[in-house]
file upload_18.cif (mmCIF, C-alpha atoms)
data_input
#
loop_
_atom_site.label_atom_id
_atom_site.label_comp_id
_atom_site.auth_asym_id
_atom_site.auth_seq_id
_atom_site.Cartn_x
_atom_site.Cartn_y
_atom_site.Cartn_z
CA MET A 303 112.57 -6.08 8.60
CA ILE A 304 112.65 -2.97 10.84
CA SER A 305 112.84 -3.94 14.48
CA GLN A 306 112.74 -0.52 16.18
CA VAL A 307 112.42 3.15 15.28
CA PHE A 308 113.47 5.91 17.66
CA LEU A 309 114.23 9.64 17.61
CA LEU A 310 116.90 11.22 19.79
CA SER A 311 117.88 14.81 20.42
CA ALA A 312 121.46 15.95 19.87
CA LYS A 313 122.01 15.51 23.63
CA GLY A 314 120.68 11.95 23.61
CA ASP A 315 117.22 12.67 25.06
CA HIS A 316 114.66 9.96 24.17
CA LEU A 317 111.86 11.60 22.16
CA ILE A 318 110.17 8.73 20.27
CA TYR A 319 110.58 4.97 20.67
CA LYS A 320 108.58 2.26 18.88
CA ASP A 321 109.35 -1.47 19.00
CA PHE A 322 107.76 -3.50 16.18
CA ARG A 323 109.26 -6.98 16.53
CA GLY A 324 110.60 -7.40 20.09
CA GLU A 325 114.06 -8.40 18.85
CA ALA A 326 115.99 -6.04 21.14
CA GLY A 327 115.49 -4.10 24.33
CA ARG A 328 115.12 -0.38 24.93
CA ASP A 329 118.72 -0.18 26.13
CA VAL A 330 119.90 -0.18 22.51
CA ILE A 331 119.07 3.55 22.43
CA ASN A 332 121.92 4.25 24.84
CA VAL A 333 124.17 1.84 22.93
CA PHE A 334 123.56 3.79 19.71
CA TYR A 335 124.18 7.18 21.32
CA GLU A 336 127.41 5.98 22.95
CA LYS A 337 128.66 4.62 19.61
CA VAL A 338 127.86 7.90 17.85
CA ASN A 339 129.73 9.97 20.44
CA ALA A 340 132.69 7.59 20.59
CA LEU A 341 133.50 8.02 16.91
CA PRO A 342 135.85 10.81 15.79
CA GLY A 343 134.57 13.54 13.51
CA ASP A 344 131.18 15.15 13.11
CA GLN A 345 129.76 12.66 10.60
CA PRO A 346 129.52 9.10 11.98
CA PRO A 347 128.77 6.32 9.50
CA VAL A 348 125.13 5.89 8.54
CA VAL A 349 125.24 2.14 9.31
CA MET A 350 126.70 0.75 12.55
CA HIS A 351 126.62 -2.68 14.23
CA HIS A 352 126.41 -4.06 17.77
CA GLU A 353 126.06 -7.74 18.67
CA GLY A 354 124.16 -8.67 15.52
CA LEU A 355 121.95 -5.55 15.58
CA HIS A 356 122.30 -3.03 12.76
CA PHE A 357 121.73 0.68 13.34
CA VAL A 358 120.81 2.88 10.35
CA HIS A 359 120.35 6.57 11.03
CA VAL A 360 120.00 9.99 9.44
CA ARG A 361 120.37 13.35 11.17
CA GLN A 362 117.93 16.10 10.32
CA GLY A 363 116.79 19.15 12.25
CA GLY A 364 119.38 18.41 14.94
CA LEU A 365 117.71 15.04 15.68
CA TYR A 366 118.85 11.45 15.16
CA CYS A 367 116.26 9.35 13.31
CA VAL A 368 117.27 5.71 13.85
CA ALA A 369 116.02 2.33 12.65
CA THR A 370 117.37 -1.01 13.92
CA THR A 371 117.18 -4.44 12.31
CA ARG A 372 118.61 -7.92 12.76
CA SER A 373 118.03 -8.94 9.15
CA ASN A 374 120.01 -7.70 6.17
CA PRO A 375 117.78 -5.31 4.20
CA SER A 376 119.24 -2.75 1.85
CA PRO A 377 120.60 0.18 3.88
CA PHE A 378 119.37 2.50 1.13
CA THR A 379 115.81 1.28 1.78
CA LEU A 380 116.06 2.09 5.47
CA THR A 381 117.73 5.43 4.80
CA GLU A 382 114.96 6.39 2.38
CA PHE A 383 112.34 5.33 4.94
CA LEU A 384 113.92 7.54 7.62
CA ASN A 385 114.13 10.48 5.23
CA ARG A 386 110.46 10.02 4.37
CA LEU A 387 109.60 9.83 8.07
CA ALA A 388 111.41 13.14 8.64
CA ALA A 389 109.55 14.70 5.70
CA LEU A 390 106.19 13.46 7.03
CA ILE A 391 106.91 14.93 10.46
CA ARG A 392 107.60 18.28 8.80
CA ASP A 393 104.36 17.98 6.79
CA TYR A 394 102.16 17.07 9.75
CA CYS A 395 103.88 19.00 12.57
CA GLY A 396 105.05 22.02 10.59
CA SER A 397 108.75 21.59 11.38
CA LEU A 398 111.25 18.96 12.48
CA SER A 399 112.73 20.00 15.81
CA GLU A 400 112.99 18.75 19.36
CA GLN A 401 110.13 21.02 20.40
CA SER A 402 107.74 20.01 17.62
CA VAL A 403 108.44 16.29 18.17
CA SER A 404 107.85 16.59 21.92
CA LEU A 405 104.56 18.43 21.39
CA ASN A 406 103.34 15.98 18.73
CA SER A 407 104.53 12.61 20.04
CA ALA A 408 101.02 11.11 19.84
CA LEU A 409 100.73 12.18 16.20
CA ILE A 410 104.14 10.70 15.33
CA TYR A 411 103.28 7.39 17.00
CA GLU A 412 100.09 7.31 14.93
CA LEU A 413 102.14 7.95 11.78
CA LEU A 414 104.49 5.07 12.63
CA ASP A 415 101.56 2.73 13.21
CA GLU A 416 100.21 3.50 9.75
CA MET A 417 103.61 3.46 8.00
CA LEU A 418 104.84 0.09 9.36
CA ASP A 419 103.16 -3.26 9.93
CA PHE A 420 105.31 -5.65 12.00
CA GLY A 421 108.34 -3.69 10.79
CA TYR A 422 107.45 -3.80 7.08
CA PRO A 423 106.88 -0.41 5.38
CA GLN A 424 103.34 0.02 4.05
CA THR A 425 103.20 3.59 2.77
CA SER A 426 104.94 6.94 3.20
CA SER A 427 102.59 8.98 1.02
CA THR A 428 101.25 12.15 2.60
CA GLU A 429 98.12 11.92 0.44
CA ILE A 430 97.30 8.36 1.56
CA LEU A 431 98.13 8.84 5.24
CA LYS A 432 95.94 11.92 5.64
CA ASN A 433 92.88 9.64 5.30
CA PHE A 434 93.88 7.67 8.42
CA ILE A 435 95.57 10.16 10.76
CA GLN A 436 93.14 11.54 13.34
CA THR A 437 95.44 13.33 15.80
CA GLU A 438 95.60 17.09 15.35
CA ALA A 439 99.04 18.73 15.26
CA VAL A 440 100.13 21.02 18.10
CA THR A 441 101.89 24.11 16.80
CA PRO A 442 104.95 25.35 18.73
CA LYS A 443 104.83 28.72 20.45
CA PRO A 444 104.89 31.81 18.22
CA PHE A 445 108.12 33.26 16.94
CA SER A 446 110.10 35.41 19.38
CA LEU A 447 112.51 38.16 18.42
CA LEU A 448 114.75 36.95 21.24
CA ASP A 449 115.27 33.62 19.45
CA LEU A 450 117.18 34.46 16.28
CA ARG A 451 117.63 30.79 15.36
CA ASN A 452 114.05 30.73 14.06
CA VAL A 453 114.38 33.76 11.82
CA GLY A 454 112.81 32.97 8.45
CA LEU A 455 114.24 34.25 5.19
CA PHE A 456 111.25 33.82 2.94
CA GLY A 457 110.76 36.66 0.53
CA ALA A 458 108.41 37.34 -2.32
CA ASP A 459 109.30 37.43 -6.00
CA THR A 460 112.59 39.20 -6.55
CA GLN A 461 110.84 42.28 -7.93
CA HIS A 462 109.06 42.95 -4.61
CA SER A 463 110.30 43.77 -1.13
CA LYS A 464 107.47 42.25 0.93
CA VAL A 465 108.42 39.41 3.23
CA ALA A 466 106.37 36.51 4.55
CA PRO A 467 106.09 35.99 8.30
CA SER A 468 109.04 34.12 9.76
CA ALA A 469 107.03 31.05 10.76
CA ALA A 470 104.88 31.03 7.61
CA ALA A 471 106.37 27.81 6.24
CA SER A 472 106.75 26.14 9.64
CA ARG A 473 103.12 25.24 10.20
CA PRO A 474 101.45 21.89 9.47
CA VAL A 475 100.65 21.37 5.81
CA LEU A 476 97.61 19.23 6.58
CA SER A 477 94.59 19.83 8.76
CA THR A 478 93.71 16.29 9.80
CA ARG A 479 90.11 17.18 10.61
CA GLY A 480 89.46 18.84 7.29
CA GLU A 481 89.54 22.34 8.75
CA PRO A 482 91.33 25.16 6.94
CA GLY A 483 95.00 25.03 7.82
CA GLY A 484 95.64 28.72 7.10
CA LYS A 485 96.34 30.67 3.98
CA ASN A 486 96.70 29.01 0.60
CA GLU A 487 100.42 29.46 0.02
CA ILE A 488 103.24 27.96 -1.99
CA PHE A 489 106.86 28.19 -0.86
CA VAL A 490 109.83 27.51 -3.13
CA ASP A 491 113.34 27.16 -1.72
CA VAL A 492 116.43 27.35 -3.91
CA ILE A 493 119.07 25.91 -1.58
CA GLU A 494 122.76 25.51 -2.40
CA ARG A 495 125.54 23.91 -0.36
CA LEU A 496 129.04 25.15 -0.99
CA THR A 497 132.27 23.15 -0.67
CA VAL A 498 135.49 25.17 -1.09
CA VAL A 499 139.20 24.65 -0.40
CA ILE A 500 141.49 27.70 -0.69
CA GLY A 501 145.28 27.35 -0.62
CA SER A 502 147.60 29.31 1.65
CA ASN A 503 148.42 31.64 -1.26
CA GLY A 504 144.76 32.42 -1.92
CA THR A 505 144.38 30.07 -4.88
CA LEU A 506 141.06 28.27 -5.26
CA LEU A 507 141.93 24.56 -5.07
CA LYS A 508 138.47 23.01 -4.99
CA ALA A 509 134.94 24.26 -5.52
CA ASP A 510 131.72 22.29 -5.57
CA ILE A 511 128.08 23.38 -5.40
CA GLN A 512 125.21 21.02 -4.60
CA GLY A 513 121.81 22.63 -5.15
CA GLU A 514 118.14 21.79 -5.08
CA ILE A 515 114.77 23.40 -5.70
CA ARG A 516 112.41 22.43 -2.89
CA LEU A 517 108.67 23.02 -3.03
CA LYS A 518 106.30 23.17 -0.06
CA CYS A 519 102.62 23.34 -0.98
CA PHE A 520 99.82 24.35 1.40
CA LEU A 521 97.03 24.07 -1.19
CA PRO A 522 94.32 21.45 -0.50
CA SER A 523 94.08 20.82 -4.25
CA CYS A 524 96.42 22.22 -6.81
CA SER A 525 96.29 22.63 -10.56
CA GLU A 526 99.43 22.36 -12.65
CA MET A 527 102.29 24.60 -11.56
CA ARG A 528 104.82 26.10 -13.95
CA ILE A 529 108.20 27.10 -12.53
CA GLY A 530 110.33 29.26 -14.83
CA LEU A 531 114.12 29.19 -14.44
CA ASN A 532 116.74 31.50 -15.97
CA GLU A 533 116.42 31.59 -19.75
CA GLU A 534 120.24 31.33 -19.92
CA PHE A 535 120.28 28.19 -17.77
CA SER A 536 122.53 25.55 -19.37
CA ILE A 537 123.59 22.02 -18.49
CA GLY A 538 127.10 20.80 -19.29
CA LYS A 539 130.12 22.69 -20.55
CA THR A 540 129.19 22.78 -24.23
CA GLN A 541 125.63 24.03 -24.08
CA LEU A 542 125.25 27.83 -24.20
CA ARG A 543 121.96 29.68 -24.27
CA GLY A 544 120.81 33.27 -24.70
CA TYR A 545 122.78 36.48 -24.72
CA GLY A 546 122.96 37.26 -21.00
CA ALA A 547 125.19 35.89 -18.30
CA ALA A 548 124.89 32.11 -18.52
CA VAL A 549 123.89 30.08 -15.48
CA ARG A 550 125.61 26.74 -15.92
CA VAL A 551 125.57 23.46 -14.00
CA ASP A 552 127.33 20.20 -14.77
CA GLU A 553 124.32 17.93 -14.24
CA CYS A 554 120.82 17.95 -12.82
CA SER A 555 118.05 15.51 -11.99
CA PHE A 556 114.31 15.96 -11.57
CA HIS A 557 111.50 14.53 -9.49
CA GLU A 558 109.60 11.82 -11.34
CA ALA A 559 106.44 13.98 -11.34
CA VAL A 560 108.11 16.86 -13.20
CA LYS A 561 107.17 17.22 -16.87
CA LEU A 562 110.05 18.42 -19.04
CA ASP A 563 108.38 19.07 -22.39
CA GLU A 564 108.87 22.85 -21.97
CA PHE A 565 112.26 22.65 -20.29
CA GLU A 566 114.46 22.29 -23.36
CA ASN A 567 113.31 25.47 -25.11
CA GLN A 568 111.75 27.63 -22.39
CA ARG A 569 113.43 26.37 -19.19
CA VAL A 570 110.04 25.75 -17.56
CA LEU A 571 109.31 22.91 -15.12
CA ARG A 572 105.72 21.65 -15.01
CA VAL A 573 104.52 19.82 -11.93
CA THR A 574 101.21 19.08 -10.20
CA PRO A 575 102.22 19.05 -6.52
CA SER A 576 100.36 17.41 -3.69
CA GLN A 577 100.30 18.83 -0.20
CA GLY A 578 103.64 18.58 1.53
CA GLU A 579 107.30 19.10 0.76
CA HIS A 580 108.95 17.88 -2.44
CA THR A 581 112.38 18.22 -4.03
CA VAL A 582 111.59 19.23 -7.60
CA MET A 583 115.13 19.43 -8.97
CA GLN A 584 118.71 18.71 -7.88
CA TYR A 585 121.85 20.01 -9.60
CA GLN A 586 125.61 20.12 -9.23
CA LEU A 587 128.49 22.31 -10.36
CA SER A 588 132.08 21.15 -9.80
CA ASP A 589 135.58 22.63 -10.07
CA GLU A 590 134.52 26.24 -10.56
CA LEU A 591 132.62 29.12 -9.00
CA PRO A 592 130.72 31.58 -11.21
CA SER A 593 131.57 34.33 -8.71
CA PRO A 594 134.50 34.91 -6.32
CA PRO A 595 134.51 32.85 -3.10
CA PRO A 596 132.45 34.63 -0.44
CA PHE A 597 135.33 34.87 2.05
CA ARG A 598 139.05 35.57 1.91
CA LEU A 599 141.41 35.23 4.86
CA PHE A 600 144.67 37.09 5.53
CA HIS A 601 146.75 35.96 8.46
CA SER A 602 150.03 36.31 10.29
CA LEU A 603 151.60 34.11 12.98
CA GLU A 604 154.22 35.15 15.52
CA ARG A 605 155.83 33.71 18.64
CA GLU A 606 156.93 36.11 21.35
CA PRO A 607 160.09 35.49 23.42
CA SER A 608 157.86 34.72 26.40
CA GLY A 609 156.46 31.75 24.46
CA ARG A 610 153.06 33.29 23.75
CA LEU A 611 151.68 32.76 20.24
CA LEU A 612 150.03 35.65 18.39
CA VAL A 613 147.60 34.81 15.60
CA TYR A 614 146.23 37.74 13.60
CA LEU A 615 143.30 37.05 11.26
CA LYS A 616 141.65 39.47 8.86
CA LEU A 617 138.52 38.08 7.21
CA ARG A 618 137.06 39.79 4.16
CA CYS A 619 133.53 39.22 2.88
CA ASP A 620 133.46 39.42 -0.93
CA LEU A 621 129.68 39.41 -1.26
CA PRO A 622 127.87 42.33 -2.95
CA PRO A 623 127.26 45.23 -0.50
CA LYS A 624 123.49 44.59 -0.50
CA ASN A 625 124.03 41.04 0.84
CA ALA A 626 125.27 39.78 4.19
CA ALA A 627 126.39 36.48 5.66
CA LEU A 628 124.67 35.24 8.81
CA ASN A 629 125.86 33.02 11.67
CA VAL A 630 129.48 32.99 10.53
CA VAL A 631 131.65 30.67 12.63
CA VAL A 632 135.44 30.49 12.18
CA ASN A 633 137.19 27.45 13.64
CA LEU A 634 140.96 27.77 14.04
CA PRO A 635 142.88 24.66 15.22
CA VAL A 636 145.65 25.59 17.69
CA PRO A 637 148.63 23.73 19.22
CA LYS A 638 147.77 21.07 21.78
CA GLY A 639 149.68 22.89 24.53
CA SER A 640 147.36 25.92 24.42
CA VAL A 641 145.60 26.44 27.75
CA SER A 642 144.36 30.05 27.73
CA LEU A 643 143.24 32.63 25.23
CA SER A 644 142.91 36.40 25.18
CA GLN A 645 141.55 38.19 22.15
CA GLU A 646 141.04 41.57 20.54
CA LEU A 647 138.04 41.66 18.20
CA SER A 648 137.14 44.43 15.75
CA SER A 649 133.49 44.78 16.86
CA PRO A 650 131.60 44.14 20.13
CA ASP A 651 129.01 41.79 18.61
CA GLN A 652 131.68 39.17 17.92
CA SER A 653 132.81 36.53 20.38
CA ALA A 654 135.65 34.02 20.62
CA GLU A 655 136.56 31.17 22.94
CA LEU A 656 139.14 28.42 23.24
CA GLN A 657 137.63 24.94 23.12
CA PRO A 658 140.06 22.59 24.90
CA ILE A 659 138.45 19.33 23.74
CA SER A 660 138.65 20.12 20.03
CA ARG A 661 141.82 22.22 20.51
CA ALA A 662 140.45 25.06 18.44
CA VAL A 663 139.49 28.72 18.73
CA ARG A 664 135.85 29.36 17.82
CA TRP A 665 135.22 32.88 16.48
CA GLU A 666 131.53 33.75 16.01
CA ILE A 667 130.19 36.61 13.87
CA PRO A 668 126.38 36.98 13.92
CA ARG A 669 126.19 39.17 10.80
CA PHE A 670 128.89 39.94 8.23
CA PRO A 671 127.94 42.59 5.61
CA GLY A 672 129.20 42.23 2.05
CA GLY A 673 132.36 44.22 1.30
CA ALA A 674 133.30 44.47 4.99
CA GLN A 675 136.49 43.34 6.72
CA LEU A 676 136.70 42.06 10.28
CA SER A 677 139.84 41.26 12.23
CA ALA A 678 140.82 39.35 15.34
CA LEU A 679 144.03 39.03 17.33
CA PHE A 680 144.31 35.83 19.37
CA LYS A 681 146.97 35.50 22.06
CA LEU A 682 147.57 31.88 23.03
CA GLU A 683 149.45 30.85 26.15
CA GLY A 684 150.41 27.40 27.33
CA SER A 685 153.17 25.00 28.16
CA GLY A 686 155.58 23.76 25.54
CA LEU A 687 154.66 26.30 22.85
CA SER A 688 157.69 26.58 20.58
CA ALA A 689 158.41 27.91 17.12
CA ALA A 690 157.42 24.50 15.77
CA SER A 691 153.98 24.97 17.34
CA LEU A 692 153.20 27.50 14.63
CA LEU A 693 152.92 24.57 12.22
CA GLU A 694 150.00 23.20 14.24
CA VAL A 695 147.90 26.32 13.65
CA GLY A 696 145.21 25.88 10.98
CA PRO A 697 143.72 25.20 8.55
CA VAL A 698 140.75 27.50 9.13
CA SER A 699 137.23 26.17 8.52
CA LEU A 700 134.17 28.39 8.15
CA SER A 701 130.44 27.75 8.45
CA PHE A 702 127.91 30.36 7.38
CA GLU A 703 124.59 31.07 5.71
CA LEU A 704 124.07 33.40 2.74
CA PRO A 705 120.41 34.48 2.51
CA LYS A 706 118.91 35.86 -0.71
CA LEU A 707 121.85 34.52 -2.73
CA THR A 708 122.78 31.53 -4.89
CA CYS A 709 126.37 31.02 -5.96
CA THR A 710 125.36 29.59 -9.35
CA GLY A 711 123.05 32.52 -10.07
CA LEU A 712 120.00 30.27 -10.50
CA GLN A 713 116.77 32.28 -10.18
CA ILE A 714 113.04 31.60 -10.34
CA ARG A 715 111.62 33.80 -13.12
CA PHE A 716 107.99 33.05 -12.38
CA LEU A 717 105.70 30.70 -10.48
CA ARG A 718 102.32 30.25 -12.15
CA LEU A 719 99.31 28.02 -11.78
CA SER A 720 97.53 26.76 -14.88
CA PRO A 721 94.60 27.15 -15.01
CA PRO A 722 94.53 29.96 -12.40
CA LEU A 723 92.62 29.22 -9.20
CA PRO A 724 89.62 31.42 -8.23
CA ALA A 725 91.47 32.57 -5.09
CA LEU A 726 95.05 33.16 -6.17
CA PRO A 727 97.42 31.64 -3.57
CA GLN A 728 100.37 33.57 -2.23
CA ARG A 729 103.68 32.45 -3.67
CA TRP A 730 106.99 32.89 -1.87
CA VAL A 731 110.54 32.23 -3.05
CA ARG A 732 113.63 31.95 -0.88
CA TYR A 733 117.27 31.76 -1.98
CA VAL A 734 119.88 30.57 0.51
CA THR A 735 123.42 29.17 0.35
CA HIS A 736 124.90 27.12 3.19
CA SER A 737 128.54 26.20 3.73
CA ASP A 738 128.97 22.45 3.48
CA SER A 739 132.75 22.61 3.90
CA TYR A 740 134.76 25.83 3.54
CA THR A 741 138.46 25.40 4.31
CA ILE A 742 141.29 27.94 4.06
CA ARG A 743 144.83 26.64 4.44
CA MET A 744 147.42 28.70 6.31
#

call {"tool": "encode", "arguments": {"input": "upload_18.cif", "output": "structure tokens"}}
result
Amino acid sequence: MISQVFLLSAKGDHLIYKDFRGEAGRDVINVFYEKVNALPGDQPPVVMHHEGLHFVHVRQGGLYCVATTRSNPSPFTLTEFLNRLAALIRDYCGSLSEQSVSLNSALIYELLDEMLDFGYPQTSSTEILKNFIQTEAVTPKPFSLLDLRNVGLFGADTQHSKVAPSAAASRPVLSTRGEPGGKNEIFVDVIERLTVVIGSNGTLLKADIQGEIRLKCFLPSCSEMRIGLNEEFSIGKTQLRGYGAAVRVDECSFHEAVKLDEFENQRVLRVTPSQGEHTVMQYQLSDELPSPPPFRLFHSLEREPSGRLLVYLKLRCDLPPKNAALNVVVNLPVPKGSVSLSQELSSPDQSAELQPISRAVRWEIPRFPGGAQLSALFKLEGSGLSAASLLEVGPVSLSFELPKLTCTGLQIRFLRLSPPLPALPQRWVRYVTHSDSYTIRM
């Protein structure tokens, strides 16, 4: 079934390689990476082919997880296997990154040996595998304030201001030798991905929210957990609940282990989690946003007699003042004749550069407070820039992260264990919204 499994970094570095059936050589790694880079766009197809060999891959944590086969199994089976492999690496190594994989290569090879027998999947259960895995995980170096990419956003219940350590949820869930793995803690992520298209006149043309409630449990044994959602949470356009502001989604699905007998009346999810990471609930809201879009763009374009193009952008953040967007990146496509860029930015912490390969200006804003406005003036010079070149400018695409915020308004009311454990574990809840695709036409 599965001939080979390998993990690559975003730059093509070989991190893990395991051959189960001897049906192809190691050179197929370079073949896969060349095919991925040769394709246009940022999202190559999940399934690709080369001389009778099928490549199936997923990309998580900035890594390519790839399986090859010469037979014709269901691609969904292989995709699910790779997703489970990525989840197991997070459970056993604490996180899925190039550093954690490099430090724990022996552990990952041991996992693959137990998961596959001559290329046939045997098990991907964290509970079953922990009885066979003997290699101890190596934890990456402690968090550094100089590396802002690892900043954690975990916070306690919304009524409190205490915050968990940044790397609290990035440690191994399991202690393979039966030793205590750290504090007894439970982390709940409410993660939403936002897709928005805004017309040149500011009209909202498309809005879509994909969300999930993700649970990561560090308890060696756990009693039943009750997760309370908004009392006004409703599903569909006809169902209304309560007297407060309704939190509505079009549809949702639940993990098979979730018990829903209290969900209809009390909006409570009951689950008995095992150690590891689980997606408890997934939901979707289409064609509307409960709140205004987080960003609005105002622009003007002008061509000087010398042929230089002036692009003025004013970006407004419509989040509440207590919130802020992080790692905001604005990509502005420019005419193909553009060869140089000079800019005037409204604050010194911003940066901008012209990327010749993608023919776009990349404007980076590390932190964007709610209610603020930032501006940028880009002066483009090049050969053959005419008045018609103004039509090649745009549309603008944004990527960003909104911590402590969900666009649907979904909240965790409480997180309780029943019956209570003698030593009450710490419980942490994080809310975060990512931009999946945020486009503003000009």

call {"tool": "closest_residue", "arguments": {"input": "upload_18.cif", "among": "A:Cys554, A:Leu679, A:Val613, A:Leu309", "to": "Ile511 (chain A)", "atoms": "only C-alpha atoms"}}
result
A:Cys554

call {"tool": "resolve_selection", "arguments": {"input": "upload_18.cif", "expression": "the PyMOL selection byres ((chain A and resi 388) around 12)", "output": "VMD selection string"}}
result
chain A and resid 308 to 309 359 to 368 381 to 387 389 to 399 402 to 403 410 413 to 414 426 428 578 to 579

call {"tool": "resolve_selection", "arguments": {"input": "upload_18.cif", "expression": "the PyMOL selection byres ((chain A and resi 713-718) around 6)", "output": "list in words"}}
result
Met527, Arg528, Ile529, Gly530, Leu531, Asn532, Leu712 and Leu719 of chain A

call {"tool": "residues_around", "arguments": {"input": "upload_18.cif", "residues": "Phe556 (chain A)", "least_positions_apart": "2", "cutoff": "7 Å", "atoms": "only C-alpha atoms", "output": "ChimeraX atom specification"}}
result
/A:554,558,560,582-584

call {"tool": "closest_residue", "arguments": {"input": "upload_18.cif", "among": "A:Glu655, A:Glu604, A:Glu438, A:Asp419", "to": "Val695 (chain A)", "atoms": "all atoms listed in the file"}}
result
A:Glu604

call {"tool": "resolve_selection", "arguments": {"input": "upload_18.cif", "expression": "the PyMOL selection byres ((chain A and resi 331) around 12)", "output": "ChimeraX atom specification"}}
result
/A:306-311,314-321,326-330,332-338,352,355,357,359,366-370

call {"tool": "atom_distance", "arguments": {"input": "upload_18.cif", "atom1": "CA of Leu587 (chain A)", "atom2": "CA of Ser555 (chain A)"}}
result
12.6 Å

call {"tool": "closest_residue", "arguments": {"input": "upload_18.cif", "among": "A:Leu409, A:Leu341, A:Tyr422, A:Ala674", "to": "Leu380 (chain A)", "atoms": "all atoms listed in the file"}}
result
A:Tyr422

call {"tool": "atom_distance", "arguments": {"input": "upload_18.cif", "atom1": "CA of Asn486 (chain A)", "atom2": "CA of Ile515 (chain A)"}}
result
19.9 Å

call {"tool": "axis_aligned_box", "arguments": {"input": "upload_18.cif", "around": "region 560-570 of chain A", "padding_each_side": "6 Å", "output": "JSON"}}
result
{"center_x": 110.8, "center_y": 22.2, "center_z": -19.2, "size_x": 19.3, "size_y": 22.8, "size_z": 23.9}

call {"tool": "atom_distance", "arguments": {"input": "upload_18.cif", "atom1": "CA of Pro423 (chain A)", "atom2": "CA of Pro375 (chain A)"}}
result
12.0 Å

call {"tool": "closest_residue", "arguments": {"input": "upload_18.cif", "among": "A:Ser602, A:Asn625, A:Ser305, A:Thr497", "to": "Ser701 (chain A)", "atoms": "all atoms listed in the file"}}
result
A:Thr497

call {"tool": "closest_residue", "arguments": {"input": "upload_18.cif", "among": "A:Thr735, A:Asn503, A:Ser642, A:Ser407", "to": "Leu628 (chain A)", "atoms": "all atoms listed in the file"}}
result
A:Thr735

call {"tool": "residues_around", "arguments": {"input": "upload_18.cif", "residues": "Pro595 (chain A)", "least_positions_apart": "5", "cutoff": "10 Å", "atoms": "only C-alpha atoms", "output": "ChimeraX atom specification"}}
result
/A:496,498-500,506,509,590,619-621,709,740
